[in-house]
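Content type TSV, C-alpha atoms and all ligand atoms, from the file my_file.tsv:
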chain	number	residue	atom	x	y	z
A	172	MET	CA	121.22	91.20	-2.99
A	173	PRO	CA	124.48	91.42	-4.98
A	174	ALA	CA	124.52	90.75	-8.73
A	175	ILE	CA	124.86	87.10	-9.74
A	176	SER	CA	126.96	86.43	-12.81
A	177	ALA	CA	128.19	83.54	-14.93
A	178	THR	CA	130.47	83.28	-17.93
A	179	ALA	CA	131.03	80.73	-20.68
A	180	PRO	CA	133.91	80.48	-23.17
A	181	GLY	CA	133.95	80.18	-26.95
A	182	LYS	CA	135.21	77.12	-28.78
A	183	VAL	CA	136.86	75.96	-31.97
A	184	ILE	CA	136.56	72.61	-33.67
A	185	LEU	CA	140.03	71.16	-34.33
A	186	ILE	CA	138.75	68.25	-36.44
A	187	GLY	CA	135.41	66.94	-37.62
A	188	GLU	CA	132.77	69.66	-38.01
A	189	HIS	CA	129.80	68.62	-40.14
A	190	ALA	CA	130.84	64.94	-40.18
A	191	VAL	CA	130.02	65.00	-36.44
A	192	VAL	CA	126.36	65.64	-37.33
A	193	TYR	CA	126.43	62.24	-39.13
A	194	GLY	CA	127.76	60.31	-36.13
A	195	GLN	CA	131.52	60.65	-36.75
A	196	PRO	CA	133.91	61.64	-33.93
A	197	ALA	CA	135.13	65.24	-33.68
A	198	ILE	CA	137.55	67.20	-31.51
A	199	ALA	CA	136.75	70.58	-29.99
A	200	VAL	CA	138.60	72.84	-27.56
A	201	PRO	CA	137.43	75.79	-25.48
A	202	VAL	CA	138.74	79.28	-26.25
A	203	THR	CA	138.75	81.34	-23.07
A	204	GLN	CA	140.03	84.55	-24.68
A	205	VAL	CA	136.44	85.21	-25.76
A	206	GLN	CA	133.46	84.78	-23.48
A	207	SER	CA	129.78	85.39	-22.88
A	208	ARG	CA	128.62	86.88	-19.61
A	209	ALA	CA	125.20	86.96	-17.98
A	210	VAL	CA	124.63	89.21	-14.96
A	211	ILE	CA	121.40	89.15	-12.97
A	212	LEU	CA	120.13	91.71	-10.50
A	213	ALA	CA	117.10	91.05	-8.31
A	214	CYS	CA	114.29	93.61	-8.47
A	215	PRO	CA	112.71	93.19	-5.01
A	216	LYS	CA	109.96	95.71	-5.80
A	217	GLY	CA	109.04	94.09	-9.13
A	218	LYS	CA	106.12	91.73	-9.67
A	219	PRO	CA	106.77	87.97	-10.03
A	220	GLY	CA	107.52	87.14	-13.65
A	221	ASP	CA	108.76	90.66	-14.36
A	222	VAL	CA	112.02	89.92	-16.20
A	223	THR	CA	113.88	92.63	-18.11
A	224	ILE	CA	116.59	91.66	-20.59
A	225	ASP	CA	119.34	93.96	-21.77
A	226	ALA	CA	121.67	92.71	-24.52
A	227	PRO	CA	123.50	95.83	-25.77
A	228	ASP	CA	125.65	93.85	-28.28
A	229	ILE	CA	122.51	93.14	-30.31
A	230	GLN	CA	120.71	96.39	-29.35
A	231	LEU	CA	118.03	94.50	-27.47
A	232	LYS	CA	116.31	95.85	-24.39
A	233	THR	CA	112.98	94.24	-23.64
A	234	ARG	CA	110.82	92.36	-21.21
A	235	LEU	CA	111.03	88.59	-21.47
A	236	GLU	CA	107.29	88.33	-22.12
A	237	ASN	CA	107.68	90.49	-25.24
A	238	LEU	CA	110.17	88.11	-26.87
A	239	SER	CA	108.85	85.42	-29.20
A	240	VAL	CA	108.73	81.92	-27.72
A	241	ASP	CA	111.31	80.91	-30.35
A	242	HIS	CA	113.84	83.49	-29.27
A	243	PRO	CA	116.92	81.75	-27.80
A	244	PHE	CA	116.62	83.78	-24.58
A	245	SER	CA	112.98	82.67	-24.17
A	246	ILE	CA	113.96	79.06	-24.83
A	247	ALA	CA	116.75	79.22	-22.22
A	248	PHE	CA	114.37	80.68	-19.61
A	249	GLU	CA	111.69	78.12	-20.42
A	250	ALA	CA	114.19	75.24	-20.19
A	251	VAL	CA	115.28	76.42	-16.72
A	252	ARG	CA	111.69	77.06	-15.61
A	253	LYS	CA	110.71	73.50	-16.51
A	254	GLU	CA	113.86	71.94	-15.05
A	255	LEU	CA	113.28	73.67	-11.69
A	256	HIS	CA	109.47	73.22	-11.79
A	257	LEU	CA	108.83	76.94	-11.37
A	258	THR	CA	105.58	78.76	-12.09
A	259	TYR	CA	107.16	82.23	-12.30
A	260	PHE	CA	110.61	83.72	-12.18
A	261	PRO	CA	111.15	86.30	-9.46
A	262	ALA	CA	111.46	89.86	-10.81
A	263	MET	CA	114.96	90.44	-12.17
A	264	ARG	CA	117.12	92.30	-14.65
A	265	LEU	CA	119.39	90.20	-16.87
A	266	ARG	CA	122.26	91.75	-18.80
A	267	ILE	CA	123.93	89.65	-21.49
A	268	SER	CA	127.15	90.49	-23.27
A	269	SER	CA	129.56	88.49	-25.37
A	270	THR	CA	132.93	88.99	-27.05
A	271	LEU	CA	132.29	86.01	-29.35
A	272	PRO	CA	131.58	86.78	-32.99
A	273	ILE	CA	127.94	85.99	-33.79
A	274	ALA	CA	127.62	83.40	-36.59
A	275	GLY	CA	131.41	83.13	-36.64
A	276	GLY	CA	131.87	79.41	-35.92
A	277	MET	CA	133.00	79.94	-32.31
A	278	GLY	CA	129.81	78.67	-30.69
A	279	SER	CA	128.25	82.03	-29.79
A	280	SER	CA	124.72	80.65	-29.41
A	281	ALA	CA	125.78	77.80	-27.11
A	282	SER	CA	128.08	80.11	-25.12
A	283	ILE	CA	125.31	82.65	-24.50
A	284	ALA	CA	122.86	79.87	-23.60
A	285	VAL	CA	125.28	78.33	-21.07
A	286	ALA	CA	126.01	81.72	-19.46
A	287	ILE	CA	122.28	82.51	-19.12
A	288	ILE	CA	121.37	79.06	-17.76
A	289	ARG	CA	124.24	79.13	-15.22
A	290	ALA	CA	123.46	82.68	-14.03
A	291	LEU	CA	119.73	82.02	-13.83
A	292	THR	CA	120.02	78.80	-11.84
A	293	ARG	CA	122.62	80.35	-9.51
A	294	PHE	CA	120.32	83.33	-9.00
A	295	LEU	CA	117.61	80.88	-7.99
A	296	GLY	CA	119.98	79.26	-5.50
A	297	VAL	CA	120.54	76.05	-7.47
A	298	GLU	CA	123.96	74.86	-8.70
A	299	LEU	CA	123.08	72.41	-11.47
A	300	PRO	CA	125.61	69.76	-12.56
A	301	ASN	CA	127.36	70.41	-15.87
A	302	GLU	CA	125.51	67.51	-17.44
A	303	THR	CA	122.17	69.27	-16.88
A	304	ILE	CA	123.50	72.70	-17.95
A	305	SER	CA	124.77	71.15	-21.19
A	306	ALA	CA	121.44	69.34	-21.77
A	307	LEU	CA	119.46	72.56	-21.26
A	308	ALA	CA	121.79	74.49	-23.59
A	309	TYR	CA	121.31	71.69	-26.14
A	310	GLN	CA	117.56	72.38	-26.06
A	311	VAL	CA	118.30	76.00	-27.04
A	312	GLU	CA	120.68	74.83	-29.78
A	313	LYS	CA	118.10	72.39	-31.16
A	314	ARG	CA	115.40	75.03	-31.46
A	315	GLN	CA	117.85	77.31	-33.27
A	316	HIS	CA	119.78	74.92	-35.49
A	317	GLY	CA	117.47	71.96	-36.06
A	318	THR	CA	119.94	69.09	-35.84
A	319	PRO	CA	122.99	70.18	-33.89
A	320	SER	CA	125.40	67.41	-32.93
A	321	GLY	CA	125.69	68.73	-29.34
A	322	ILE	CA	129.45	69.33	-29.60
A	323	ASP	CA	129.18	73.10	-28.99
A	324	ASN	CA	127.12	72.98	-25.78
A	325	THR	CA	129.32	70.12	-24.47
A	326	VAL	CA	132.76	71.71	-25.00
A	327	ILE	CA	131.50	75.09	-23.81
A	328	THR	CA	129.83	73.75	-20.65
A	329	TYR	CA	132.77	71.57	-19.60
A	330	ALA	CA	135.42	74.03	-20.88
A	331	GLN	CA	137.86	71.21	-21.61
A	332	PRO	CA	139.27	69.71	-24.84
A	333	ILE	CA	136.88	66.94	-25.86
A	334	TYR	CA	136.60	63.97	-28.20
A	335	PHE	CA	132.94	63.88	-29.07
A	336	ILE	CA	130.61	61.41	-30.75
A	337	ARG	CA	126.97	62.37	-31.08
A	338	GLU	CA	124.68	60.81	-28.44
A	339	GLN	CA	127.60	59.18	-26.64
A	340	PRO	CA	129.31	60.30	-23.43
A	341	TYR	CA	132.07	62.77	-24.35
A	342	GLU	CA	135.72	62.04	-23.51
A	343	VAL	CA	138.12	64.60	-22.05
A	344	LEU	CA	141.17	64.58	-24.33
A	345	PRO	CA	144.56	64.07	-22.72
A	346	VAL	CA	146.97	66.62	-24.24
A	347	GLY	CA	150.62	65.48	-24.46
A	348	LYS	CA	152.13	68.89	-25.30
A	349	ASP	CA	150.90	72.52	-25.31
A	350	ILE	CA	149.13	73.22	-28.61
A	351	PRO	CA	149.41	76.83	-29.76
A	352	LEU	CA	146.55	77.93	-32.01
A	353	ILE	CA	145.68	81.03	-33.97
A	354	VAL	CA	142.01	81.73	-34.54
A	355	ALA	CA	141.48	84.10	-37.47
A	356	ASP	CA	138.17	85.65	-38.45
A	357	THR	CA	137.25	86.22	-42.10
A	358	GLY	CA	134.77	88.84	-40.86
A	359	ILE	CA	132.10	87.08	-42.93
A	360	ARG	CA	129.07	86.01	-40.91
A	361	SER	CA	127.61	82.69	-41.96
A	362	SER	CA	124.59	80.81	-40.65
A	363	THR	CA	125.62	77.35	-39.40
A	364	ALA	CA	122.03	76.13	-39.79
A	365	ALA	CA	122.00	77.18	-43.47
A	366	VAL	CA	125.27	75.35	-44.23
A	367	VAL	CA	124.20	72.25	-42.24
A	368	ASN	CA	120.85	72.20	-44.11
A	369	ASP	CA	122.50	72.65	-47.50
A	370	LEU	CA	124.92	69.80	-46.82
A	371	ARG	CA	122.04	67.61	-45.64
A	372	SER	CA	120.11	68.08	-48.87
A	373	ARG	CA	123.23	67.31	-50.94
A	374	TRP	CA	123.92	64.21	-48.81
A	375	GLN	CA	120.31	63.03	-49.21
A	376	LYS	CA	120.65	63.24	-53.00
A	377	ASP	CA	124.07	61.65	-53.13
A	378	PRO	CA	125.00	59.63	-50.02
A	379	GLN	CA	127.55	57.59	-52.08
A	380	THR	CA	129.71	60.71	-52.36
A	381	TYR	CA	129.29	62.09	-48.86
A	382	ASP	CA	129.25	59.00	-46.61
A	383	PRO	CA	132.86	58.03	-47.47
A	384	ILE	CA	133.99	61.65	-46.87
A	385	PHE	CA	132.29	61.70	-43.46
A	386	ALA	CA	133.95	58.36	-42.60
A	387	ALA	CA	137.35	59.67	-43.76
A	388	ILE	CA	136.95	62.74	-41.53
A	389	GLY	CA	135.99	60.42	-38.64
A	390	SER	CA	139.21	58.49	-39.17
A	391	ILE	CA	141.18	61.77	-39.17
A	392	ALA	CA	139.58	62.65	-35.80
A	393	ALA	CA	140.58	59.27	-34.33
A	394	ARG	CA	144.19	59.73	-35.51
A	395	ALA	CA	144.24	63.34	-34.29
A	396	LYS	CA	143.16	62.17	-30.83
A	397	GLN	CA	146.31	60.02	-30.70
A	398	ALA	CA	148.50	62.83	-32.05
A	399	ILE	CA	147.16	65.23	-29.41
A	400	CYS	CA	147.66	62.68	-26.65
A	401	THR	CA	151.27	61.94	-27.63
A	402	GLY	CA	152.05	65.60	-28.39
A	403	ASP	CA	152.86	64.95	-32.08
A	404	LEU	CA	152.07	68.43	-33.43
A	405	SER	CA	153.58	67.74	-36.83
A	406	LEU	CA	151.16	64.82	-37.37
A	407	LEU	CA	148.29	66.93	-35.99
A	408	GLY	CA	149.13	69.62	-38.57
A	409	ASP	CA	148.99	67.08	-41.41
A	410	LEU	CA	145.62	65.82	-40.16
A	411	ILE	CA	144.23	69.36	-39.93
A	412	ASN	CA	145.30	69.94	-43.56
A	413	GLU	CA	143.73	66.65	-44.63
A	414	ASN	CA	140.47	67.63	-42.90
A	415	GLN	CA	140.47	71.00	-44.70
A	416	LYS	CA	140.78	69.24	-48.10
A	417	TYR	CA	137.58	67.31	-47.37
A	418	LEU	CA	135.77	70.43	-46.13
A	419	HIS	CA	136.78	72.17	-49.35
A	420	GLU	CA	135.63	69.19	-51.41
A	421	MET	CA	132.21	69.41	-49.72
A	422	SER	CA	131.99	73.18	-50.52
A	423	ILE	CA	131.98	74.09	-46.83
A	424	SER	CA	134.93	76.42	-47.32
A	425	CYS	CA	134.89	79.70	-49.28
A	426	ARG	CA	137.39	81.91	-51.11
A	427	GLU	CA	138.27	84.00	-48.03
A	428	LEU	CA	138.77	80.94	-45.81
A	429	ASP	CA	140.88	79.22	-48.50
A	430	HIS	CA	143.00	82.36	-48.83
A	431	LEU	CA	143.75	82.52	-45.09
A	432	VAL	CA	144.52	78.78	-45.04
A	433	GLU	CA	146.99	79.21	-47.95
A	434	GLN	CA	148.65	82.21	-46.30
A	435	ALA	CA	149.06	80.39	-42.98
A	436	ILE	CA	150.77	77.45	-44.70
A	437	LYS	CA	152.90	79.79	-46.81
A	438	PHE	CA	154.21	81.44	-43.62
A	439	GLY	CA	155.21	78.10	-42.12
A	440	ALA	CA	152.20	76.80	-40.16
A	441	LEU	CA	151.96	73.04	-39.59
A	442	GLY	CA	148.25	73.04	-40.44
A	443	ALA	CA	145.25	75.28	-41.12
A	444	LYS	CA	141.53	74.77	-41.68
A	445	LEU	CA	138.16	76.41	-41.29
A	446	SER	CA	136.44	75.86	-37.95
A	447	GLY	CA	132.71	75.52	-37.26
A	448	GLY	CA	129.89	75.94	-39.75
A	449	GLY	CA	132.13	77.31	-42.53
A	450	ARG	CA	131.47	79.52	-45.61
A	451	GLY	CA	132.79	82.39	-43.53
A	452	GLY	CA	133.43	82.76	-39.83
A	453	ASN	CA	136.70	81.65	-38.32
A	454	MET	CA	139.60	79.44	-39.30
A	455	ILE	CA	142.30	77.91	-37.12
A	456	VAL	CA	146.02	77.63	-37.62
A	457	LEU	CA	148.45	75.29	-35.89
A	458	PRO	CA	151.83	77.07	-35.79
A	459	SER	CA	154.99	75.21	-34.86
A	460	SER	CA	155.57	77.41	-31.79
A	461	ILE	CA	154.00	80.25	-29.84
A	462	GLU	CA	156.65	82.65	-31.29
A	463	GLN	CA	155.62	81.65	-34.81
A	464	ALA	CA	151.96	82.11	-33.80
A	465	GLU	CA	152.43	85.85	-33.25
A	466	MET	CA	154.24	86.24	-36.59
A	467	ILE	CA	151.60	84.30	-38.56
A	468	ALA	CA	148.77	86.19	-36.82
A	469	ILE	CA	150.28	89.48	-38.06
A	470	LYS	CA	150.62	88.07	-41.60
A	471	LEU	CA	147.01	86.89	-41.57
A	472	ARG	CA	145.78	90.34	-40.51
A	473	GLU	CA	147.89	91.90	-43.30
A	474	ASN	CA	146.28	89.43	-45.70
A	475	GLY	CA	142.62	90.00	-44.95
A	476	ALA	CA	141.88	88.53	-41.50
A	477	PHE	CA	139.43	90.79	-39.72
A	478	ARG	CA	140.65	89.75	-36.29
A	479	THR	CA	143.04	87.14	-34.85
A	480	LEU	CA	143.60	85.69	-31.44
A	481	VAL	CA	146.25	83.35	-30.15
A	482	THR	CA	145.36	80.67	-27.64
A	483	THR	CA	146.99	77.53	-26.23
A	484	VAL	CA	145.46	74.15	-25.47
A	485	ALA	CA	147.41	73.36	-22.32
A	486	GLN	CA	149.28	70.09	-21.78
A	487	THR	CA	147.50	67.75	-19.36
A	488	ASN	CA	149.10	64.40	-20.06
A	489	LYS	CA	152.57	63.98	-18.60
A	490	GLU	CA	152.68	60.19	-18.59
A	491	GLU	CA	152.35	58.71	-22.04
A	492	THR	CA	149.09	56.89	-21.46
A	493	CYS	CA	147.42	57.19	-24.83
A	494	SER	CA	145.02	54.40	-25.69
A	495	SER	CA	145.09	53.51	-29.38
A	496	SER	CA	141.28	53.38	-29.82
B	1	LIG	O1	129.35	77.13	-36.40
B	1	LIG	P1	129.31	76.55	-35.04
B	1	LIG	O2	130.20	77.19	-34.07
B	1	LIG	O3	127.89	76.50	-34.50
B	1	LIG	O4	129.80	75.00	-35.17
B	1	LIG	C1	129.00	74.10	-35.85
B	1	LIG	C2	129.56	72.70	-35.93
B	1	LIG	C3	128.79	71.80	-36.93
B	1	LIG	O5	129.45	70.53	-36.90
B	1	LIG	C4	128.82	72.35	-38.32
B	1	LIG	C5	127.33	71.61	-36.52
B	1	LIG	C6	127.11	70.73	-35.30
B	1	LIG	O6	126.00	70.78	-34.78
B	1	LIG	O7	128.00	69.97	-34.90
How would this structure read if it were set down as structure tokens?
Amino acid sequence: MPAISATAPGKVILIGEHAVVYGQPAIAVPVTQVQSRAVILACPKGKPGDVTIDAPDIQLKTRLENLSVDHPFSIAFEAVRKELHLTYFPAMRLRISSTLPIAGGMGSSASIAVAIIRALTRFLGVELPNETISALAYQVEKRQHGTPSGIDNTVITYAQPIYFIREQPYEVLPVGKDIPLIVADTGIRSSTAAVVNDLRSRWQKDPQTYDPIFAAIGSIAARAKQAICTGDLSLLGDLINENQKYLHEMSISCRELDHLVEQAIKFGALGAKLSGGGRGGNMIVLPSSIEQAEMIAIKLRENGAFRTLVTTVAQTNKEETCSSS
């Protein structure tokens, strides 16, 4: 039997991280330049249930049964086992690799979960709909992060730009003009769960301060949806900058992120902000053109970025049919 494999992209959040946990809309786009890959080989001579996992990026080589039940790989297997009503998995070897930074705000945990779930179900001869893949990946996210909004597993499973409100059906975003983006890594790893938990305890003590900020970020996301649909990149840049001010005000940013944001604006970007959990990880820059993207990416690396990549959110909307809601 040939190897069965599946991949899943990374993602960045254009607008609305953290506020999305509190029910506000947010916008996320897939980043296909980085990806997770799961490859499965059958072991016809192995005993049922004999599953070996090899994840060289995290120096892990083990049998599934030796992983704790809380390990994300165990949770992904268990979610699939229950979904398909299996007693045992057939003997197999699973190899997992990823070019996403771990704890870097690009959705590494959701991306790895989606790749494993897709490969595993394909290996078992079942092609699950995206809705189910996303729901199973959400189970993995929940066990790891406590109260994830679900935006990561959704954008990564569907691999399309989305407008997302927690516990509501997601919307695919029409894109009126190609959007060039630079993703720059501070090189600082930061736990999303820790930042989400810290913000929650501050919000619980002082909802009067945080609720209006969350609502303001929600309104930025709604306006950004329009700007993306009509291809107004200058307005989108302003909204990205406005969002960053609120993230800074909530202490979600950090010195290194602020520095890269300042540099990007100094070199002519339309907008720049952190992306994802914050306090490290990655930031995004909206340049005015793809040519400017390459120039700003070089400047960011000269000014402390550990790594940069340039991506484009491709135009999908050629007729101007942008609803104003
Ligand atoms: O850091 P990431 O890539 O897991 O993104 C987290 C986005 C948050 O809004 C901070 C959390 C969430 O569950 O939406």
Skipping near chain neighbours, those fewer than 4 positions away, what residues fall within 12 Å of Arg234 in chain A using only C-alpha atoms, listed as a VMD selection string?
chain A and resid 220 to 226 238 to 239 244 to 245 262 to 266
Using all atoms listed in the file, which protein or nucleic acid residues come within 8 Å of Arg360 in chain A? Drop anything in the same chain fewer than 2 positions from it, and give the result as a short mmCIF file (atom, residue, chain, number, x, y, z; two decimals) with C-alpha atoms, keeping the file's coordinate frame.
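Once everything was written out, this is part-v1.cif:
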data_model
loop_
_atom_site.label_atom_id
_atom_site.label_comp_id
_atom_site.auth_asym_id
_atom_site.auth_seq_id
_atom_site.Cartn_x
_atom_site.Cartn_y
_atom_site.Cartn_z
CA ILE A 273 127.94 85.99 -33.79
CA ALA A 274 127.62 83.40 -36.59
CA GLY A 275 131.41 83.13 -36.64
CA GLY A 358 134.77 88.84 -40.86
CA SER A 362 124.59 80.81 -40.65
CA GLY A 451 132.79 82.39 -43.53
CA GLY A 452 133.43 82.76 -39.83
#
Cut-off 10 Å: closest chain A/ligand LIG 1 (chain B) atom pairs per residue, using all atoms listed in the file, as CSV:
residue,atom,partner,partner_atom,distance
A:Gly181,CA,B:LIG1,O2,8.6
A:Lys182,CA,B:LIG1,O2,7.3
A:Val183,CA,B:LIG1,O2,7.1
A:Ile184,CA,B:LIG1,O4,7.3
A:Ile186,CA,B:LIG1,O5,9.6
A:Gly187,CA,B:LIG1,O5,7.0
A:Glu188,CA,B:LIG1,O5,3.6
A:His189,CA,B:LIG1,O5,3.8
A:Ala190,CA,B:LIG1,O5,6.6
A:Val191,CA,B:LIG1,O5,5.6
A:Val192,CA,B:LIG1,O7,5.2
A:Tyr193,CA,B:LIG1,O7,9.0
A:Gly194,CA,B:LIG1,O7,9.7
A:Ala197,CA,B:LIG1,O5,8.4
A:Ala199,CA,B:LIG1,C2,9.6
A:Pro272,CA,B:LIG1,O2,9.7
A:Ile273,CA,B:LIG1,O2,9.1
A:Ala274,CA,B:LIG1,O1,6.5
A:Gly275,CA,B:LIG1,O1,6.3
A:Gly276,CA,B:LIG1,O2,3.3
A:Met277,CA,B:LIG1,O2,4.3
A:Gly278,CA,B:LIG1,O2,3.7
A:Ser279,CA,B:LIG1,O2,6.7
A:Ser280,CA,B:LIG1,O3,7.3
A:Ala281,CA,B:LIG1,O3,7.8
A:Ser282,CA,B:LIG1,O2,9.7
A:Tyr309,CA,B:LIG1,O6,9.9
A:Glu312,CA,B:LIG1,O6,8.3
A:Lys313,CA,B:LIG1,O6,8.8
A:His316,CA,B:LIG1,O6,7.5
A:Gly317,CA,B:LIG1,O6,8.7
A:Thr318,CA,B:LIG1,O6,6.4
A:Pro319,CA,B:LIG1,O6,3.2
A:Ser320,CA,B:LIG1,O6,3.9
A:Gly321,CA,B:LIG1,O6,5.8
A:Ile322,CA,B:LIG1,O7,5.5
A:Asp323,CA,B:LIG1,O4,6.5
A:Asn324,CA,B:LIG1,O6,9.3
A:Phe335,CA,B:LIG1,O7,9.8
A:Ile336,CA,B:LIG1,O7,9.9
A:Arg337,CA,B:LIG1,O7,8.6
A:Arg360,CA,B:LIG1,O1,10.0
A:Ser361,CA,B:LIG1,O1,8.1
A:Ser362,CA,B:LIG1,O1,7.4
A:Thr363,CA,B:LIG1,O1,4.8
A:Ala364,CA,B:LIG1,C5,7.7
A:Ala365,CA,B:LIG1,C4,9.8
A:Val366,CA,B:LIG1,C4,7.5
A:Val367,CA,B:LIG1,C4,6.1
A:Asn368,CA,B:LIG1,C4,9.9
A:Leu370,CA,B:LIG1,C4,9.7
A:Ile423,CA,B:LIG1,C4,9.2
A:Ser446,CA,B:LIG1,O4,7.2
A:Gly447,CA,B:LIG1,O4,3.6
A:Gly448,CA,B:LIG1,O1,3.6
A:Gly449,CA,B:LIG1,O1,6.7
A:Arg450,CA,B:LIG1,O1,9.7
A:Gly451,CA,B:LIG1,O1,9.5
A:Gly452,CA,B:LIG1,O1,7.8
A:Asn453,CA,B:LIG1,O1,8.8
When you draw a straight line from CA of Pro180 in chain A to CA of Asp403 in chain A, how long is it in Å?
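CA of Asp403 in chain A lies at a distance of 26.1 Å from CA of Pro180 in chain A.
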Between A:Glu236, A:Gln195, A:Val354, A:Ala174, which is the closest to Ile384 in chain A once you count all atoms listed in the file?
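Checking each of A:Glu236, A:Gln195, A:Val354, A:Ala174 against Ile384 in chain A, counting all atoms listed in the file, the winner is A:Gln195.
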All residues 9 Å or closer to Thr487 in chain A, all atoms listed in the file, same chain fewer than 3 positions away omitted, as a ChimeraX atom specification:
/A:344-349,400
Just the residues within 8 Å of Ser269 in chain A, please, counting all atoms listed in the file, with nothing from its chain fewer than 3 positions along; format it as a list in words.
Val205, Gln206, Ser207, Arg208, Asp228, Ser279 and Ile283 of chain A
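CA of Val240 in chain A to CA of Thr303 in chain A spans 21.4 Å [interatomic distance, one decimal].
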Which neighbours of Leu410 in chain A fall inside 9 Å, counting only C-alpha atoms, when residues of the same chain fewer than 6 positions from it are skipped, and could you give them as number ranges by chain?
A: 186, 391-392, 394-395, 442
Counting only C-alpha atoms, which of A:Ile288, A:Ile211, A:Ala250, A:Cys493 gets nearest to Gln397 in chain A?
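Under the stated criterion, the closest residue is A:Cys493.
Selecting by distance to (128.2, 62.9, -21.3) with a limit of 8 Å and using only C-alpha atoms, one obtains Glu302, Thr325, Gln339, Pro340, Tyr341 and Glu342 of chain A.
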Measuring between all atoms listed in the file, which one of A:Ala330, A:Leu295, A:Ala393, A:Ala355 shows the shortest distance to Leu255 in chain A?
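For Leu255 in chain A, the nearest of the candidates is A:Leu295.
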Kindly complete range 199-204 of chain A to all heavy atoms; the output should be written as a compact mmCIF listing (two decimals), in the coordinates of the input.
# COMPACT_ATOMS: atom_id res chain seq x y z
N ALA A 199 136.96 69.15 -30.20
CA ALA A 199 136.75 70.58 -29.99
C ALA A 199 137.48 71.03 -28.73
O ALA A 199 137.67 70.24 -27.80
CB ALA A 199 135.26 70.87 -29.84
N VAL A 200 137.90 72.30 -28.73
CA VAL A 200 138.60 72.84 -27.56
C VAL A 200 137.98 74.18 -27.19
O VAL A 200 137.53 74.92 -28.06
CB VAL A 200 140.13 73.00 -27.82
CG1 VAL A 200 140.77 71.66 -28.14
CG2 VAL A 200 140.42 74.00 -28.91
N PRO A 201 137.97 74.49 -25.88
CA PRO A 201 137.43 75.79 -25.48
C PRO A 201 138.41 76.92 -25.82
O PRO A 201 139.62 76.68 -25.87
CB PRO A 201 137.28 75.66 -23.96
CG PRO A 201 138.27 74.62 -23.56
CD PRO A 201 138.43 73.69 -24.73
N VAL A 202 137.88 78.09 -26.04
CA VAL A 202 138.74 79.28 -26.25
C VAL A 202 138.31 80.31 -25.21
O VAL A 202 137.22 80.89 -25.30
CB VAL A 202 138.57 79.85 -27.68
CG1 VAL A 202 139.40 81.11 -27.87
CG2 VAL A 202 138.98 78.80 -28.72
N THR A 203 139.16 80.50 -24.21
CA THR A 203 138.75 81.34 -23.07
C THR A 203 139.04 82.83 -23.30
O THR A 203 138.62 83.65 -22.50
CB THR A 203 139.46 80.87 -21.78
OG1 THR A 203 140.87 80.79 -22.05
CG2 THR A 203 138.97 79.52 -21.32
N GLN A 204 139.75 83.13 -24.39
CA GLN A 204 140.03 84.55 -24.68
C GLN A 204 138.76 85.31 -25.07
O GLN A 204 138.75 86.53 -25.10
CB GLN A 204 141.05 84.70 -25.81
CG GLN A 204 142.48 84.43 -25.41
CD GLN A 204 142.81 82.95 -25.36
OE1 GLN A 204 141.96 82.08 -25.55
NE2 GLN A 204 144.06 82.64 -25.08
